[in-house]
Amino acid sequence: MQKTDLTAVRQSVSLAKGLPNAHYIDPTVYQEEKHALLFDQWAGLSVAADVPTPGDAIPLTFLGLPLLLLRDREGQVRVFQNTCRHRGMILVEHPTKIEGAIRCPYHSWCYATDGRLVSTPHVGGPGQNTHEDIKRSELGLIEIRSHIWRDVVWINVNNNAPEFPVAMADAMERWKEFEQPLFHGGEDSRFNLEVNCNWKLAVENYCESYHLPWVHPGLNSYSRLEDHYNIEKPGTYSGQGTLVYRQLADDSGGVFPDFANLSSQWDSAAEYLAIYPNVLLGTHRDHAFAIILVPEGPEATIEKIHLYYPVADTDPHLRQKNTTQWKLVFEEDVFVVEGMQRGRHGLAFDGGKFSPAMDGPTHCFHDWAAQQIETKRQARHAAE
Amino acid sequence: MPQSEAKLQSEILKAHKDNDYSRLCELYAKAAQTRGDVNQACFLATQAYVFGLQSNHPLTEHLHSFLKNHGREE
């Protein structure tokens, strides 16, 4: 495979170019990034609120990988490869409630919700359910390393990242005041956007405020560009913050309750972090959101958006108003990310020129991506 | 095939069609009880046991004991 040259990407923001076009349109590079940027990292898969009660199970495909997200009988959220250890059959085809065991529809090998293989019917012949060569203790479901933070189910497919609290220490420290229960707003607080762009463009657009006055003019009346600041934590996250967050209110002035015991800085501040690789988080005094970017190919992404509140019982009308407001903002970004995607078919586009003042968070992400890809290439080269 | 067996067979097919796993557990367990041959009984009890596991049926533990006592299950 022809490797892309990432030298220019690794320069300082004033000198750097963005990632080459191939990183947005080339299926081969997409496969390379699948491992370097997603399977080697703590990537967002889903949210725990999608499996609220024991036995809830949802099959998911993540970059071609068949996965099963479930909440086991003890209440723990787990992620398994959705593949029977016998003949590789897909175990669960549709979202379901597992009452007892997960039964493979092919030969009925059964697994407990914690992944243990608990039955191998007729494996030793009709009516004989054991065989000396079938060791159930070695044939449980393949569990994917996972961790829940801010209700997001993060997975490290290649099982090679540092422990989650180590890998995410900086982000967790930054938002430690918000380490308190998050309550998903329910059906009116989740929606998906299907966008025709590489997943990275959604990250890049999210983490900078430079575009706000042009793409989100409605925000400009109270959330002006000069009220924003860049956030850059090389190797982990980047994003933007605002100093003038204004709470949403209903017609009688009612607002959502605040998260408990926040310091005064959050009275009017809000922050939006792109946690590398593919999770976009926002937090405010009275609500939060998580966007999980699910790559569906080099030029297609599903954005899964979930809104959260400090308490379980919030006003449904205000909640709907909040969802509508955010949906409008995120939809305003669609033409941008899709336009940048089409722009990357321009043969002479060279990755672009960053504004050192405004594009730091985007460059921070590119630098991280390039570093991960180079590290993976070096490891592969050493192995060869 | 005796009429009662044919009826049971028909009920089993319907439960399969309906994906009624709890009912399948009960019907296969009933079928197992009708067999004097231990191999046939264990085959049917296995079917019942699997659907019992899937549906978390109260018969599951009893079926497990039956199969284990006959050296058919761990």
# chains A, B, ... in the order shown; residues from 1 in each chain; ligands from 1
>>> select_by_dssp(residues="region 80-308 of chain A", states="strand (DSSP E)", output="PyMOL selection string")
chain A and resi 80-81+96-97+102-103+110-111+117-119+143-149+152-156+183-184+190-195+228-233+237-242+270-275+279-283+288-295+301-308
>>> residues_around(residues="region 12-29 of chain B", least_positions_apart="2", cutoff="12 Å", atoms="only C-alpha atoms", output="PyMOL selection string")
(chain A and resi 98-101+103+105) or (chain B and resi 5-10+31-35+40-64+66-67)
>>> closest_residue(among="B:Lys30, B:Val38, B:Arg72, B:Glu11", to="chain A", atoms="only C-alpha atoms")
B:Arg72
>>> atom_distance(atom1="CA of Gln325 (chain A)", atom2="CA of Asp313 (chain A)")
19.8 Å
>>> atom_distance(atom1="CA of Tyr206 (chain A)", atom2="CA of Arg285 (chain A)")
19.8 Å
>>> closest_atom_pairs(of="region 163-189 of chain A", to="region 52-75 of chain A", cutoff="12 Å", atoms="only C-alpha atoms", output="JSON lines")
{"residue": "A:Phe183", "atom": "CA", "partner": "A:Pro52", "partner_atom": "CA", "distance": 11.2}
{"residue": "A:His184", "atom": "CA", "partner": "A:Pro52", "partner_atom": "CA", "distance": 10.1}
{"residue": "A:Gly186", "atom": "CA", "partner": "A:Pro52", "partner_atom": "CA", "distance": 10.6}
>>> write_last_selection(atoms="N, CA and C atoms", output="short mmCIF file (atom, residue, chain, number, x, y, z; two decimals), in the first residue's frame")
data_model
loop_
_atom_site.label_atom_id
_atom_site.label_comp_id
_atom_site.auth_asym_id
_atom_site.auth_seq_id
_atom_site.Cartn_x
_atom_site.Cartn_y
_atom_site.Cartn_z
N PHE A 183 -28.92 11.85 33.53
CA PHE A 183 -30.18 11.17 33.22
C PHE A 183 -30.54 11.43 31.76
N HIS A 184 -30.59 10.37 31.00
CA HIS A 184 -30.96 10.50 29.59
C HIS A 184 -32.39 11.03 29.51
N GLY A 186 -34.62 10.49 27.41
CA GLY A 186 -35.60 9.56 26.85
C GLY A 186 -35.74 9.71 25.35
#
>>> residues_around(residues="region 347-362 of chain A", least_positions_apart="6", cutoff="9 Å", atoms="only C-alpha atoms", output="list in words")
Val9, Ser12, Val13, Ser14, Leu15, Ala16, Lys17, Gly18, Leu19, Pro20, Asn21, Val203, Glu204, Asn205, Tyr206, Cys207, Glu208, Ser209, Tyr210, Asn230, Ile231, Glu232, Lys233, Pro234, Tyr237, Ser238, Gly239 and Gln240 of chain A
>>> closest_atom_pairs(of="chain A", to="chain B", cutoff="10 Å", atoms="only C-alpha atoms", output="Markdown table")
| residue | atom | partner | partner_atom | distance |
| --- | --- | --- | --- | --- |
| A:Ile98 | CA | B:Gln54 | CA | 7.5 |
| A:Glu99 | CA | B:Ser55 | CA | 5.3 |
| A:Gly100 | CA | B:Asn56 | CA | 4.3 |
| A:Ala101 | CA | B:Gln54 | CA | 4.5 |
| A:Ile102 | CA | B:Gln54 | CA | 6.2 |
| A:Arg103 | CA | B:Gln54 | CA | 6.1 |
| A:Cys104 | CA | B:Gln54 | CA | 9.8 |
| A:Ser108 | CA | B:Val50 | CA | 7.2 |
| A:Trp109 | CA | B:Val50 | CA | 8.2 |
| A:Cys110 | CA | B:Val50 | CA | 7.3 |
| A:Tyr111 | CA | B:Gln54 | CA | 9.0 |
| A:Ala112 | CA | B:Leu53 | CA | 8.9 |
| A:Val118 | CA | B:Leu53 | CA | 8.8 |
| A:Ser119 | CA | B:Val50 | CA | 7.3 |
| A:Thr120 | CA | B:Glu73 | CA | 8.8 |
| A:Pro121 | CA | B:Thr46 | CA | 6.4 |
| A:His122 | CA | B:Phe43 | CA | 7.6 |
| A:Gly124 | CA | B:Arg72 | CA | 8.8 |
| A:Gly125 | CA | B:Phe43 | CA | 9.2 |
| A:Pro126 | CA | B:Phe43 | CA | 5.8 |
| A:Gly127 | CA | B:Phe43 | CA | 3.7 |
| A:Gln128 | CA | B:Arg72 | CA | 4.8 |
| A:Asn129 | CA | B:Arg72 | CA | 5.3 |
| A:Thr130 | CA | B:Glu73 | CA | 6.0 |
| A:His131 | CA | B:Arg72 | CA | 9.4 |
| A:Arg136 | CA | B:Glu74 | CA | 9.6 |
>>> residues_around(residues="Asp315 (chain A)", least_positions_apart="4", cutoff="9 Å", atoms="only C-alpha atoms", output="PyMOL selection string")
chain A and resi 255-256+319-320
>>> residues_around(residues="Asp286 (chain A)", least_positions_apart="2", cutoff="9 Å", atoms="only C-alpha atoms", output="ChimeraX atom specification")
/A:247,255-259,283-284,288,308-310
>>> write_last_selection(atoms="all heavy atoms", output="short mmCIF file (atom, residue, chain, number, x, y, z; two decimals), in the first residue's frame")
data_model
loop_
_atom_site.label_atom_id
_atom_site.label_comp_id
_atom_site.auth_asym_id
_atom_site.auth_seq_id
_atom_site.Cartn_x
_atom_site.Cartn_y
_atom_site.Cartn_z
N GLN A 247 -29.17 29.94 29.62
CA GLN A 247 -30.09 28.80 29.81
C GLN A 247 -31.34 28.94 28.96
O GLN A 247 -31.89 30.04 28.81
CB GLN A 247 -30.50 28.70 31.28
CG GLN A 247 -29.42 28.14 32.18
CD GLN A 247 -29.95 27.97 33.59
OE1 GLN A 247 -30.03 28.93 34.35
NE2 GLN A 247 -30.33 26.75 33.92
N VAL A 255 -36.66 26.93 33.90
CA VAL A 255 -35.44 26.38 33.32
C VAL A 255 -35.20 24.97 33.88
O VAL A 255 -35.84 24.55 34.85
CB VAL A 255 -34.21 27.28 33.61
CG1 VAL A 255 -34.36 28.62 32.94
CG2 VAL A 255 -34.02 27.44 35.12
N PHE A 256 -34.26 24.27 33.29
CA PHE A 256 -33.86 22.96 33.82
C PHE A 256 -33.11 23.18 35.13
O PHE A 256 -32.43 24.20 35.30
CB PHE A 256 -32.93 22.23 32.85
CG PHE A 256 -33.59 21.82 31.56
CD1 PHE A 256 -33.16 22.35 30.35
CD2 PHE A 256 -34.62 20.89 31.55
CE1 PHE A 256 -33.75 21.97 29.16
CE2 PHE A 256 -35.22 20.51 30.36
CZ PHE A 256 -34.79 21.06 29.16
N PRO A 257 -33.19 22.23 36.05
CA PRO A 257 -32.36 22.34 37.27
C PRO A 257 -30.88 22.20 36.93
O PRO A 257 -30.53 21.62 35.91
CB PRO A 257 -32.85 21.16 38.13
CG PRO A 257 -33.45 20.20 37.18
CD PRO A 257 -34.00 21.01 36.04
N ASP A 258 -30.05 22.74 37.80
CA ASP A 258 -28.60 22.67 37.59
C ASP A 258 -28.03 21.37 38.12
O ASP A 258 -28.59 20.74 39.03
CB ASP A 258 -27.91 23.81 38.34
CG ASP A 258 -28.16 25.17 37.68
OD1 ASP A 258 -28.53 25.19 36.49
OD2 ASP A 258 -27.98 26.19 38.37
N PHE A 259 -26.87 21.00 37.58
CA PHE A 259 -26.08 19.96 38.23
C PHE A 259 -25.65 20.49 39.59
O PHE A 259 -25.49 21.72 39.78
CB PHE A 259 -24.85 19.61 37.37
CG PHE A 259 -25.19 18.82 36.15
CD1 PHE A 259 -25.24 19.42 34.89
CD2 PHE A 259 -25.48 17.47 36.24
CE1 PHE A 259 -25.56 18.70 33.76
CE2 PHE A 259 -25.81 16.73 35.10
CZ PHE A 259 -25.86 17.35 33.86
N THR A 283 -21.12 20.12 27.72
CA THR A 283 -21.69 20.21 29.06
C THR A 283 -22.02 21.66 29.39
O THR A 283 -21.33 22.59 28.96
CB THR A 283 -20.77 19.58 30.12
OG1 THR A 283 -21.53 19.37 31.30
CG2 THR A 283 -19.57 20.46 30.45
N HIS A 284 -23.10 21.81 30.13
CA HIS A 284 -23.60 23.10 30.57
C HIS A 284 -24.09 22.92 32.01
O HIS A 284 -24.20 21.80 32.49
CB HIS A 284 -24.78 23.54 29.71
CG HIS A 284 -24.63 23.27 28.25
ND1 HIS A 284 -24.75 22.01 27.70
CD2 HIS A 284 -24.38 24.10 27.21
CE1 HIS A 284 -24.57 22.08 26.41
NE2 HIS A 284 -24.34 23.32 26.07
N ALA A 288 -26.41 18.23 29.33
CA ALA A 288 -25.20 17.77 28.64
C ALA A 288 -25.64 16.99 27.41
O ALA A 288 -26.82 16.65 27.26
CB ALA A 288 -24.36 16.88 29.56
N TYR A 308 -28.80 14.79 27.97
CA TYR A 308 -28.86 14.35 29.37
C TYR A 308 -29.16 15.53 30.29
O TYR A 308 -28.83 16.68 29.99
CB TYR A 308 -27.53 13.73 29.79
CG TYR A 308 -27.20 12.47 29.05
CD1 TYR A 308 -26.53 12.53 27.83
CD2 TYR A 308 -27.56 11.23 29.55
CE1 TYR A 308 -26.23 11.37 27.13
CE2 TYR A 308 -27.26 10.06 28.85
CZ TYR A 308 -26.60 10.14 27.64
OH TYR A 308 -26.32 9.00 26.95
N TYR A 309 -29.72 15.17 31.45
CA TYR A 309 -30.11 16.19 32.42
C TYR A 309 -29.67 15.79 33.83
O TYR A 309 -29.39 14.61 34.08
CB TYR A 309 -31.63 16.39 32.35
CG TYR A 309 -32.03 16.92 30.99
CD1 TYR A 309 -32.38 16.06 29.95
CD2 TYR A 309 -31.96 18.29 30.72
CE1 TYR A 309 -32.67 16.54 28.68
CE2 TYR A 309 -32.24 18.77 29.46
CZ TYR A 309 -32.60 17.90 28.44
OH TYR A 309 -32.87 18.38 27.19
N PRO A 310 -29.65 16.76 34.75
CA PRO A 310 -29.18 16.45 36.12
C PRO A 310 -30.16 15.61 36.92
O PRO A 310 -29.79 15.03 37.94
CB PRO A 310 -29.02 17.83 36.76
CG PRO A 310 -29.01 18.81 35.64
CD PRO A 310 -29.85 18.21 34.55
#
>>> atom_distance(atom1="CA of Leu91 (chain A)", atom2="CA of Val157 (chain A)")
18.8 Å
>>> residues_around(residues="Ala169 (chain A)", least_positions_apart="2", cutoff="12 Å", atoms="only C-alpha atoms", output="list of chain:residue names")
A:Trp149, A:Pro162, A:Glu163, A:Phe164, A:Pro165, A:Val166, A:Ala167, A:Ala171, A:Met172, A:Glu173, A:Arg174, A:Trp175, A:Lys176, A:Lys233, A:Gly235, A:Thr236, A:Tyr237, A:Ile275
>>> select_by_dssp(residues="region 147-309 of chain A", states="alpha helix (DSSP H)", output="MDAnalysis selection string")
chainID A and resid 164:167 169:174 199:206 212:215 217:220
>>> residues_around(residues="Asn322 (chain A)", least_positions_apart="6", cutoff="9 Å", atoms="only C-alpha atoms", output="PyMOL selection string")
chain A and resi 189+248+307
>>> write_last_selection(atoms="all heavy atoms", output="mmCIF file, in the first residue's frame")
data_model
loop_
_atom_site.group_PDB
_atom_site.id
_atom_site.type_symbol
_atom_site.label_atom_id
_atom_site.label_comp_id
_atom_site.auth_asym_id
_atom_site.auth_seq_id
_atom_site.Cartn_x
_atom_site.Cartn_y
_atom_site.Cartn_z
ATOM 1 N N SER A 189 -35.087 12.772 23.402
ATOM 2 C CA SER A 189 -33.755 13.347 23.596
ATOM 3 C C SER A 189 -32.678 12.537 22.878
ATOM 4 O O SER A 189 -31.515 12.529 23.280
ATOM 5 C CB SER A 189 -33.436 13.429 25.097
ATOM 6 O OG SER A 189 -34.370 14.250 25.740
ATOM 7 N N LEU A 248 -31.792 27.814 28.464
ATOM 8 C CA LEU A 248 -33.071 27.765 27.758
ATOM 9 C C LEU A 248 -34.197 27.895 28.782
ATOM 10 O O LEU A 248 -34.136 27.313 29.861
ATOM 11 C CB LEU A 248 -33.181 26.421 27.036
ATOM 12 C CG LEU A 248 -34.400 26.200 26.151
ATOM 13 C CD1 LEU A 248 -34.342 27.094 24.918
ATOM 14 C CD2 LEU A 248 -34.479 24.727 25.741
ATOM 15 N N LEU A 307 -29.176 13.543 24.637
ATOM 16 C CA LEU A 307 -29.170 14.668 25.592
ATOM 17 C C LEU A 307 -29.469 14.166 27.005
ATOM 18 O O LEU A 307 -30.305 13.264 27.194
ATOM 19 C CB LEU A 307 -30.207 15.721 25.189
ATOM 20 C CG LEU A 307 -29.784 16.615 24.015
ATOM 21 C CD1 LEU A 307 -30.140 15.973 22.699
ATOM 22 C CD2 LEU A 307 -30.434 17.978 24.115
#
>>> closest_residue(among="A:Asn158, A:Ser268, A:Thr323, A:Gln76", to="Phe191 (chain A)", atoms="only C-alpha atoms")
A:Thr323
